[in-house]
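Dumped model_21.cif below, it's mmCIF, C-alpha atoms and all ligand atoms:
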data_run
loop_
_atom_site.group_PDB
_atom_site.id
_atom_site.type_symbol
_atom_site.label_atom_id
_atom_site.label_comp_id
_atom_site.auth_asym_id
_atom_site.auth_seq_id
_atom_site.Cartn_x
_atom_site.Cartn_y
_atom_site.Cartn_z
ATOM 1 C CA MET A 104 64.932 -35.182 -64.451
ATOM 2 C CA ALA A 105 68.688 -34.986 -64.930
ATOM 3 C CA THR A 106 69.673 -37.492 -67.600
ATOM 4 C CA ALA A 107 71.989 -40.310 -66.591
ATOM 5 C CA GLY A 108 75.498 -39.602 -67.788
ATOM 6 C CA VAL A 109 75.043 -35.823 -67.895
ATOM 7 C CA LYS A 110 77.066 -34.263 -65.138
ATOM 8 C CA GLU A 111 74.996 -32.232 -62.697
ATOM 9 C CA VAL A 112 76.501 -28.787 -62.389
ATOM 10 C CA ARG A 113 77.929 -28.243 -58.907
ATOM 11 C CA THR A 114 76.757 -24.860 -57.710
ATOM 12 C CA PRO A 115 79.092 -22.909 -55.389
ATOM 13 C CA SER A 116 78.812 -23.706 -51.681
ATOM 14 C CA LEU A 117 76.928 -21.202 -49.540
ATOM 15 C CA ASN A 118 79.033 -19.440 -46.922
ATOM 16 C CA SER A 119 78.696 -16.805 -44.199
ATOM 17 C CA THR A 120 78.000 -14.104 -46.774
ATOM 18 C CA SER A 121 75.228 -16.044 -48.566
ATOM 19 C CA GLU A 122 71.511 -15.391 -48.179
ATOM 20 C CA PRO A 123 69.417 -18.383 -47.079
ATOM 21 C CA PRO A 124 67.089 -20.060 -49.576
ATOM 22 C CA SER A 125 63.390 -19.200 -49.075
ATOM 23 C CA LEU A 126 62.998 -21.739 -46.299
ATOM 24 C CA PHE A 127 59.803 -23.763 -45.821
ATOM 25 C CA ASP A 128 58.308 -22.651 -49.129
ATOM 26 C CA GLY A 129 57.399 -26.235 -50.058
ATOM 27 C CA THR A 130 60.704 -26.995 -51.817
ATOM 28 C CA SER A 131 62.491 -30.109 -50.607
ATOM 29 C CA ARG A 132 66.149 -29.342 -49.975
ATOM 30 C CA LEU A 133 69.107 -31.542 -49.165
ATOM 31 C CA TYR A 134 71.842 -29.599 -47.369
ATOM 32 C CA ILE A 135 75.236 -31.175 -48.047
ATOM 33 C CA SER A 136 78.904 -30.424 -48.289
ATOM 34 C CA TYR A 137 80.725 -31.668 -51.383
ATOM 35 C CA THR A 138 83.379 -33.252 -49.165
ATOM 36 C CA CYS A 139 81.207 -34.862 -46.457
ATOM 37 C CA PRO A 140 80.871 -38.664 -46.707
ATOM 38 C CA TYR A 141 77.679 -38.685 -44.616
ATOM 39 C CA ALA A 142 76.033 -36.151 -46.909
ATOM 40 C CA GLN A 143 77.241 -38.082 -49.940
ATOM 41 C CA ARG A 144 75.152 -41.078 -48.861
ATOM 42 C CA VAL A 145 71.904 -39.158 -49.129
ATOM 43 C CA TRP A 146 73.019 -37.394 -52.291
ATOM 44 C CA ILE A 147 73.556 -40.817 -53.936
ATOM 45 C CA ILE A 148 70.081 -42.027 -52.912
ATOM 46 C CA ARG A 149 68.524 -38.827 -54.243
ATOM 47 C CA ASN A 150 70.258 -39.351 -57.596
ATOM 48 C CA TYR A 151 69.545 -43.075 -57.772
ATOM 49 C CA LYS A 152 65.823 -42.533 -57.248
ATOM 50 C CA GLY A 153 65.837 -39.887 -59.986
ATOM 51 C CA LEU A 154 64.888 -37.073 -57.598
ATOM 52 C CA GLN A 155 67.184 -34.405 -59.053
ATOM 53 C CA ASP A 156 64.168 -32.202 -59.791
ATOM 54 C CA LYS A 157 62.318 -33.057 -56.564
ATOM 55 C CA ILE A 158 65.080 -32.513 -54.018
ATOM 56 C CA GLN A 159 67.234 -29.442 -54.484
ATOM 57 C CA LEU A 160 70.864 -29.708 -53.374
ATOM 58 C CA VAL A 161 72.098 -26.920 -51.127
ATOM 59 C CA PRO A 162 75.883 -27.142 -50.664
ATOM 60 C CA ILE A 163 77.242 -25.545 -47.506
ATOM 61 C CA ASP A 164 80.833 -24.394 -46.956
ATOM 62 C CA LEU A 165 81.736 -26.161 -43.711
ATOM 63 C CA GLN A 166 84.827 -23.953 -43.227
ATOM 64 C CA ASP A 167 82.703 -20.795 -43.298
ATOM 65 C CA LYS A 168 79.133 -21.793 -42.484
ATOM 66 C CA PRO A 169 76.270 -19.351 -42.844
ATOM 67 C CA ALA A 170 74.835 -18.487 -39.389
ATOM 68 C CA TRP A 171 71.285 -19.045 -40.655
ATOM 69 C CA TYR A 172 71.994 -22.736 -41.173
ATOM 70 C CA LYS A 173 72.240 -23.391 -37.425
ATOM 71 C CA GLU A 174 69.667 -20.770 -36.465
ATOM 72 C CA LYS A 175 66.941 -21.515 -38.973
ATOM 73 C CA VAL A 176 67.594 -24.867 -40.627
ATOM 74 C CA TYR A 177 69.369 -27.448 -38.501
ATOM 75 C CA PRO A 178 70.379 -26.560 -34.912
ATOM 76 C CA GLN A 179 72.839 -29.493 -34.833
ATOM 77 C CA ASN A 180 74.741 -27.456 -37.439
ATOM 78 C CA LYS A 181 75.889 -30.546 -39.367
ATOM 79 C CA VAL A 182 75.301 -31.867 -42.843
ATOM 80 C CA PRO A 183 73.418 -33.667 -44.203
ATOM 81 C CA SER A 184 69.955 -32.396 -43.359
ATOM 82 C CA LEU A 185 66.772 -32.635 -45.366
ATOM 83 C CA GLU A 186 64.047 -29.998 -45.478
ATOM 84 C CA HIS A 187 60.796 -31.736 -46.408
ATOM 85 C CA ASN A 188 57.131 -31.071 -45.662
ATOM 86 C CA GLY A 189 57.863 -28.203 -43.261
ATOM 87 C CA LYS A 190 60.367 -30.168 -41.184
ATOM 88 C CA VAL A 191 64.126 -30.621 -41.127
ATOM 89 C CA LEU A 192 65.528 -34.078 -40.492
ATOM 90 C CA GLY A 193 69.122 -35.215 -40.062
ATOM 91 C CA GLU A 194 71.396 -38.240 -39.624
ATOM 92 C CA SER A 195 72.485 -39.815 -42.873
ATOM 93 C CA LEU A 196 71.408 -43.402 -42.172
ATOM 94 C CA ASP A 197 67.948 -42.217 -41.064
ATOM 95 C CA LEU A 198 67.752 -39.988 -44.141
ATOM 96 C CA ILE A 199 68.557 -42.887 -46.473
ATOM 97 C CA LYS A 200 65.547 -44.736 -45.022
ATOM 98 C CA TYR A 201 63.385 -41.627 -45.057
ATOM 99 C CA VAL A 202 64.089 -40.740 -48.692
ATOM 100 C CA ASP A 203 63.625 -44.349 -49.728
ATOM 101 C CA ALA A 204 60.228 -44.550 -48.001
ATOM 102 C CA ASN A 205 58.861 -41.078 -48.724
ATOM 103 C CA PHE A 206 59.842 -40.384 -52.327
ATOM 104 C CA GLU A 207 59.177 -42.094 -55.641
ATOM 105 C CA GLY A 208 61.801 -44.136 -57.473
ATOM 106 C CA PRO A 209 63.381 -47.564 -57.047
ATOM 107 C CA SER A 210 63.859 -48.814 -53.502
ATOM 108 C CA LEU A 211 67.313 -49.594 -52.195
ATOM 109 C CA PHE A 212 66.038 -52.022 -49.579
ATOM 110 C CA PRO A 213 65.772 -55.637 -50.756
ATOM 111 C CA THR A 214 62.722 -57.621 -49.673
ATOM 112 C CA ASP A 215 64.528 -60.930 -49.048
ATOM 113 C CA PRO A 216 64.621 -61.323 -45.219
ATOM 114 C CA ALA A 217 68.119 -62.872 -45.260
ATOM 115 C CA LYS A 218 69.432 -59.863 -47.196
ATOM 116 C CA ARG A 219 67.621 -57.428 -44.927
ATOM 117 C CA GLU A 220 69.152 -59.046 -41.871
ATOM 118 C CA PHE A 221 72.653 -59.122 -43.335
ATOM 119 C CA GLY A 222 72.232 -55.498 -44.392
ATOM 120 C CA GLU A 223 71.405 -54.451 -40.821
ATOM 121 C CA GLN A 224 74.408 -56.415 -39.561
ATOM 122 C CA LEU A 225 76.767 -54.664 -41.995
ATOM 123 C CA ILE A 226 75.336 -51.253 -41.153
ATOM 124 C CA SER A 227 75.725 -51.874 -37.415
ATOM 125 C CA TYR A 228 79.476 -52.303 -38.013
ATOM 126 C CA ILE A 229 80.044 -49.229 -40.138
ATOM 127 C CA ASP A 230 80.775 -46.616 -37.448
ATOM 128 C CA LYS A 231 83.257 -48.941 -35.758
ATOM 129 C CA MET A 232 84.908 -49.768 -39.075
ATOM 130 C CA THR A 233 85.397 -46.134 -40.051
ATOM 131 C CA ALA A 234 86.512 -45.103 -36.546
ATOM 132 C CA ASP A 235 89.022 -47.983 -36.483
ATOM 133 C CA VAL A 236 90.524 -46.913 -39.800
ATOM 134 C CA TYR A 237 90.672 -43.202 -38.877
ATOM 135 C CA SER A 238 92.315 -44.070 -35.533
ATOM 136 C CA THR A 239 95.317 -45.687 -37.269
ATOM 137 C CA PHE A 240 96.352 -42.741 -39.407
ATOM 138 C CA LYS A 241 99.120 -41.488 -37.167
ATOM 139 C CA GLN A 242 100.383 -45.040 -36.539
ATOM 140 C CA ASP A 243 100.695 -47.897 -39.035
ATOM 141 C CA PRO A 244 97.504 -47.796 -41.091
ATOM 142 C CA VAL A 245 98.488 -50.381 -43.704
ATOM 143 C CA GLN A 246 99.029 -53.111 -41.085
ATOM 144 C CA GLN A 247 96.417 -52.000 -38.576
ATOM 145 C CA THR A 248 93.509 -51.742 -40.999
ATOM 146 C CA CYS A 249 93.910 -55.196 -42.572
ATOM 147 C CA HIS A 250 91.053 -56.669 -40.540
ATOM 148 C CA SER A 251 88.690 -53.823 -41.475
ATOM 149 C CA PHE A 252 89.186 -54.243 -45.216
ATOM 150 C CA ASP A 253 89.254 -58.048 -44.886
ATOM 151 C CA TYR A 254 85.843 -57.808 -43.210
ATOM 152 C CA LEU A 255 84.493 -56.044 -46.312
ATOM 153 C CA GLU A 256 86.128 -58.613 -48.594
ATOM 154 C CA ASP A 257 84.454 -61.463 -46.661
ATOM 155 C CA ALA A 258 81.108 -59.682 -46.547
ATOM 156 C CA LEU A 259 81.182 -59.226 -50.324
ATOM 157 C CA GLY A 260 81.321 -63.039 -50.661
ATOM 158 C CA LYS A 261 78.007 -63.626 -48.904
ATOM 159 C CA PHE A 262 75.666 -62.914 -51.839
ATOM 160 C CA ASP A 263 78.194 -62.817 -54.662
ATOM 161 C CA GLU A 264 76.186 -65.295 -56.732
ATOM 162 C CA ASP A 265 73.551 -62.544 -57.078
ATOM 163 C CA GLY A 266 75.974 -59.766 -57.995
ATOM 164 C CA PRO A 267 79.059 -57.790 -56.921
ATOM 165 C CA PHE A 268 77.353 -55.665 -54.242
ATOM 166 C CA PHE A 269 77.018 -56.400 -50.514
ATOM 167 C CA LEU A 270 73.501 -57.814 -50.889
ATOM 168 C CA GLY A 271 74.050 -58.997 -54.471
ATOM 169 C CA GLU A 272 72.147 -56.123 -56.029
ATOM 170 C CA PHE A 273 72.969 -52.439 -55.417
ATOM 171 C CA SER A 274 71.456 -51.387 -52.066
ATOM 172 C CA TRP A 275 71.572 -48.916 -49.207
ATOM 173 C CA VAL A 276 74.504 -50.859 -47.690
ATOM 174 C CA ASP A 277 76.706 -49.972 -50.674
ATOM 175 C CA VAL A 278 75.527 -46.389 -50.417
ATOM 176 C CA ALA A 279 76.434 -46.235 -46.719
ATOM 177 C CA TYR A 280 79.939 -47.678 -47.168
ATOM 178 C CA ILE A 281 81.214 -46.316 -50.457
ATOM 179 C CA PRO A 282 81.794 -42.652 -49.453
ATOM 180 C CA PHE A 283 84.166 -43.854 -46.734
ATOM 181 C CA VAL A 284 85.885 -46.532 -48.807
ATOM 182 C CA GLU A 285 86.319 -43.966 -51.595
ATOM 183 C CA ARG A 286 88.147 -41.652 -49.192
ATOM 184 C CA PHE A 287 90.220 -44.456 -47.662
ATOM 185 C CA GLN A 288 91.304 -45.582 -51.110
ATOM 186 C CA ILE A 289 92.471 -42.058 -51.967
ATOM 187 C CA VAL A 290 94.313 -41.523 -48.694
ATOM 188 C CA PHE A 291 96.012 -44.925 -48.618
ATOM 189 C CA SER A 292 97.162 -44.478 -52.167
ATOM 190 C CA GLU A 293 98.316 -40.852 -51.823
ATOM 191 C CA ALA A 294 99.706 -40.776 -48.301
ATOM 192 C CA TYR A 295 100.833 -44.385 -47.756
ATOM 193 C CA LYS A 296 101.402 -45.623 -51.326
ATOM 194 C CA HIS A 297 99.169 -48.601 -50.602
ATOM 195 C CA ASP A 298 96.343 -50.097 -52.641
ATOM 196 C CA ILE A 299 93.567 -51.244 -50.292
ATOM 197 C CA THR A 300 92.212 -53.577 -53.003
ATOM 198 C CA ALA A 301 95.509 -55.504 -53.415
ATOM 199 C CA GLY A 302 94.766 -59.156 -52.601
ATOM 200 C CA ARG A 303 91.072 -58.284 -52.210
ATOM 201 C CA PRO A 304 89.505 -59.052 -55.582
ATOM 202 C CA LYS A 305 85.919 -58.676 -54.376
ATOM 203 C CA LEU A 306 86.600 -55.238 -52.946
ATOM 204 C CA ALA A 307 88.273 -54.261 -56.230
ATOM 205 C CA ALA A 308 85.294 -55.534 -58.260
ATOM 206 C CA TRP A 309 82.827 -53.788 -55.927
ATOM 207 C CA ILE A 310 84.537 -50.422 -56.398
ATOM 208 C CA GLU A 311 84.744 -50.989 -60.149
ATOM 209 C CA GLU A 312 81.019 -51.781 -60.380
ATOM 210 C CA LEU A 313 80.080 -48.800 -58.237
ATOM 211 C CA ASP A 314 82.097 -46.570 -60.534
ATOM 212 C CA LYS A 315 79.606 -47.540 -63.249
ATOM 213 C CA VAL A 316 76.623 -46.364 -61.177
ATOM 214 C CA ASP A 317 75.974 -42.853 -62.408
ATOM 215 C CA ALA A 318 74.071 -41.828 -59.245
ATOM 216 C CA TYR A 319 77.283 -42.430 -57.314
ATOM 217 C CA LYS A 320 79.752 -41.238 -59.936
ATOM 218 C CA GLN A 321 78.173 -37.790 -59.864
ATOM 219 C CA THR A 322 78.925 -37.429 -56.151
ATOM 220 C CA LYS A 323 82.592 -38.439 -56.008
ATOM 221 C CA VAL A 324 84.905 -36.240 -54.003
ATOM 222 C CA ASN A 325 87.696 -34.303 -55.693
ATOM 223 C CA PRO A 326 90.763 -36.418 -54.680
ATOM 224 C CA GLN A 327 93.245 -33.503 -54.499
ATOM 225 C CA GLU A 328 90.875 -31.470 -52.364
ATOM 226 C CA PHE A 329 90.251 -34.406 -50.083
ATOM 227 C CA VAL A 330 93.956 -35.172 -49.616
ATOM 228 C CA GLU A 331 94.488 -31.538 -48.540
ATOM 229 C CA VAL A 332 91.643 -31.750 -46.015
ATOM 230 C CA PHE A 333 92.949 -35.098 -44.780
ATOM 231 C CA LYS A 334 96.518 -33.869 -44.246
ATOM 232 C CA LYS A 335 95.288 -30.887 -42.274
ATOM 233 C CA ARG A 336 92.692 -32.673 -40.220
ATOM 234 C CA PHE A 337 94.214 -36.086 -39.585
ATOM 235 C CA LEU A 338 97.962 -35.554 -39.856
ATOM 236 C CA GLY A 339 98.071 -32.015 -38.477
ATOM 237 C CA GLN A 340 99.977 -30.737 -41.550
ATOM 238 C CA GLN A 341 99.333 -27.253 -42.887
HETATM 239 N N1 LIG B 401 76.076 -38.822 -37.686
HETATM 240 C C1 LIG B 401 75.946 -37.769 -38.664
HETATM 241 C C2 LIG B 401 77.322 -37.184 -38.911
HETATM 242 C C3 LIG B 401 77.270 -35.943 -39.806
HETATM 243 C C4 LIG B 401 78.598 -35.164 -39.723
HETATM 244 O O1 LIG B 401 79.417 -35.381 -38.790
HETATM 245 N N2 LIG B 401 78.804 -34.247 -40.664
HETATM 246 C C5 LIG B 401 79.970 -33.401 -40.606
HETATM 247 C C6 LIG B 401 80.609 -33.164 -41.968
HETATM 248 S S1 LIG B 401 81.240 -34.650 -42.678
HETATM 249 C C7 LIG B 401 79.568 -32.001 -40.140
HETATM 250 O O2 LIG B 401 78.603 -31.439 -40.595
HETATM 251 N N3 LIG B 401 80.338 -31.442 -39.199
HETATM 252 C C8 LIG B 401 80.120 -30.115 -38.718
HETATM 253 C C9 LIG B 401 81.192 -29.163 -39.188
HETATM 254 O O3 LIG B 401 82.108 -29.570 -39.895
HETATM 255 O O4 LIG B 401 81.067 -27.986 -38.851
HETATM 256 C C10 LIG B 401 75.319 -38.350 -39.933
HETATM 257 O O5 LIG B 401 75.418 -39.566 -40.159
HETATM 258 O O6 LIG B 401 74.662 -37.603 -40.667
#
As structure tokens, please, write out the structure in this file.
Ligand SMILES: N[C@@H](CCC(=O)N[C@@H](CS)C(=O)NCC(=O)O)C(=O)O
Amino acid sequence: MATAGVKEVRTPSLNSTSEPPSLFDGTSRLYISYTCPYAQRVWIIRNYKGLQDKIQLVPIDLQDKPAWYKEKVYPQNKVPSLEHNGKVLGESLDLIKYVDANFEGPSLFPTDPAKREFGEQLISYIDKMTADVYSTFKQDPVQQTCHSFDYLEDALGKFDEDGPFFLGEFSWVDVAYIPFVERFQIVFSEAYKHDITAGRPKLAAWIEELDKVDAYKQTKVNPQEFVEVFKKRFLGQQ
């Protein structure tokens, strides 16, 4: 098992010139991209459960994808996908549940029914929250995203007596949100000179605590690389 604190070496992404791995040979593989927030969710879970030796990471270059990925691995042609027991499964939120249920290691789903219910409620909001934030980028993001970040600040108050995470303890809800909040924090700071945690002490503390979780730390996006991708994709700059 990779030791906590030791940085996992990031192997180069596979592109259109790369050979496929020996598919369906019994190895479990998680296909990701180093910049994809959806893939990052499953990567964090894999690390947190200590599955570095059980689930091999296969990084894909999304700008120059290998044809075999769509043809032989995952016809939807997106990351993440997980090759396990002769099948390939996708969709990051489903994969979080699948890895939690089908592999060894600590569970990220609390047993307390009130926490389970609140967790589902927070997850049901996540696609709207991220879409709302992305939709403001060509307008006035600092003003227009206040309610989205305030929602997170309020949510972090619900179980704060148990800890700084959404359900008190670290859970799948934190894993689902942090890749997006990480990117928003970078973009707001770099492109709009705005700190999304200003006036939001719980959000600030949440990010600070997550930064201490090695399973997450290992997966963080390279900020410069992400800003470049963001400018091209969301602001139409070359
Ligand atoms: N709903 C999917 C979304 C996955 C997704 O959109 N992944 C993006 C990368 S972040 C992708 O693979 N897009 C295809 C491409 O860029 O070619 C999930 O939660 O897993």
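The interatomic distance for the pair CA of Pro244 in chain A and CA of Gly222 in chain A works out to 26.6 Å.
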Show me, as a VMD selection string, the residues that have an atom within 10 Å of range 296-307 of chain A when counting all atoms listed in the file, minus same-chain residues fewer than 5 positions from it. chain A and resid 244 to 245 248 to 249 252 to 253 255 to 260 263 267 to 269 284 287 to 291 312
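The binding environment of ligand LIG 401 (chain B), defined as every protein, DNA or RNA residue with an atom no more than 6 Å away and counting only C-alpha atoms and all ligand atoms, comprises Cys139, Pro140, Tyr141, Leu165, Lys181, Val182, Pro183, Glu194, Ser195 and Leu196 of chain A.
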Next, the residues of the selection above should be written as a CSV table (one decimal), in the coordinates of the input with C-alpha atoms.
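Listing of selection18.csv after writing:
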chain,number,residue,atom,x,y,z
A,139,CYS,CA,81.2,-34.9,-46.5
A,140,PRO,CA,80.9,-38.7,-46.7
A,141,TYR,CA,77.7,-38.7,-44.6
A,165,LEU,CA,81.7,-26.2,-43.7
A,181,LYS,CA,75.9,-30.5,-39.4
A,182,VAL,CA,75.3,-31.9,-42.8
A,183,PRO,CA,73.4,-33.7,-44.2
A,194,GLU,CA,71.4,-38.2,-39.6
A,195,SER,CA,72.5,-39.8,-42.9
A,196,LEU,CA,71.4,-43.4,-42.2
Residue contacts of Tyr228 in chain A (12 Å, only C-alpha atoms) excluding same-chain residues fewer than 3 positions away, as an NGL selection string: :A and (221-225 or 231-235 or 251 or 254-255 or 258 or 276 or 279-280)
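Counting only C-alpha atoms and comparing A:Glu186, A:Gly271, A:Asp203, A:Leu198, the residue that lies closest to Lys218 in chain A is A:Gly271.
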Please put the answer as JSON: centre and edge lengths, in Å with one decimal, of a box along x, y and z that encloses all listed atoms of range 139-143 of chain A plus 6 Å on each side.
{"center_x": 78.6, "center_y": -36.8, "center_z": -47.3, "size_x": 17.2, "size_y": 15.8, "size_z": 17.3}
For the point (75.1, -47.1, -49.1) in the file's frame, write as a list in words all residues with an atom no more than 9 Å away, counting only C-alpha atoms. Arg144, Val145, Ile147, Ile148, Leu196, Ile199, Leu211, Ile226, Phe273, Ser274, Trp275, Val276, Asp277, Val278, Ala279, Tyr280, Ile281 and Pro282 of chain A
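The coordinates place CA of Leu154 in chain A at 8.0 Å from CA of Phe206 in chain A.
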May I have the residues within 10 Å of Asn205 in chain A as a JSON list (two decimals) with C-alpha atoms, keeping the file's coordinate frame, using all atoms listed in the file and disregarding those fewer than 4 positions away in the same chain?
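And here's out.json as it stands now:
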[["chain", "number", "residue", "atom", "x", "y", "z"],
["A", 187, "HIS", "CA", 60.80, -31.74, -46.41],
["A", 200, "LYS", "CA", 65.55, -44.74, -45.02],
["A", 201, "TYR", "CA", 63.38, -41.63, -45.06]]
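Using all atoms listed in the file, the residues found no farther than 10 Å from Lys334 in chain A, other than those of its own chain fewer than 5 positions away, are Val290, Ala294, Phe329, Gly339, Gln340 and Gln341 of chain A.
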Enter the distance from CA of Asn188 in chain A to CA of Gln155 in chain A, in Å, rounded to one decimal. 17.1 Å
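What the PyMOL selection byres (((chain A and resi 151) around 8) and not hetatm) grabs from this file is A:Ile147, A:Ile148, A:Arg149, A:Asn150, A:Lys152, A:Gly153, A:Leu154, A:Gly208, A:Pro209, A:Asp317, A:Ala318, A:Tyr319.
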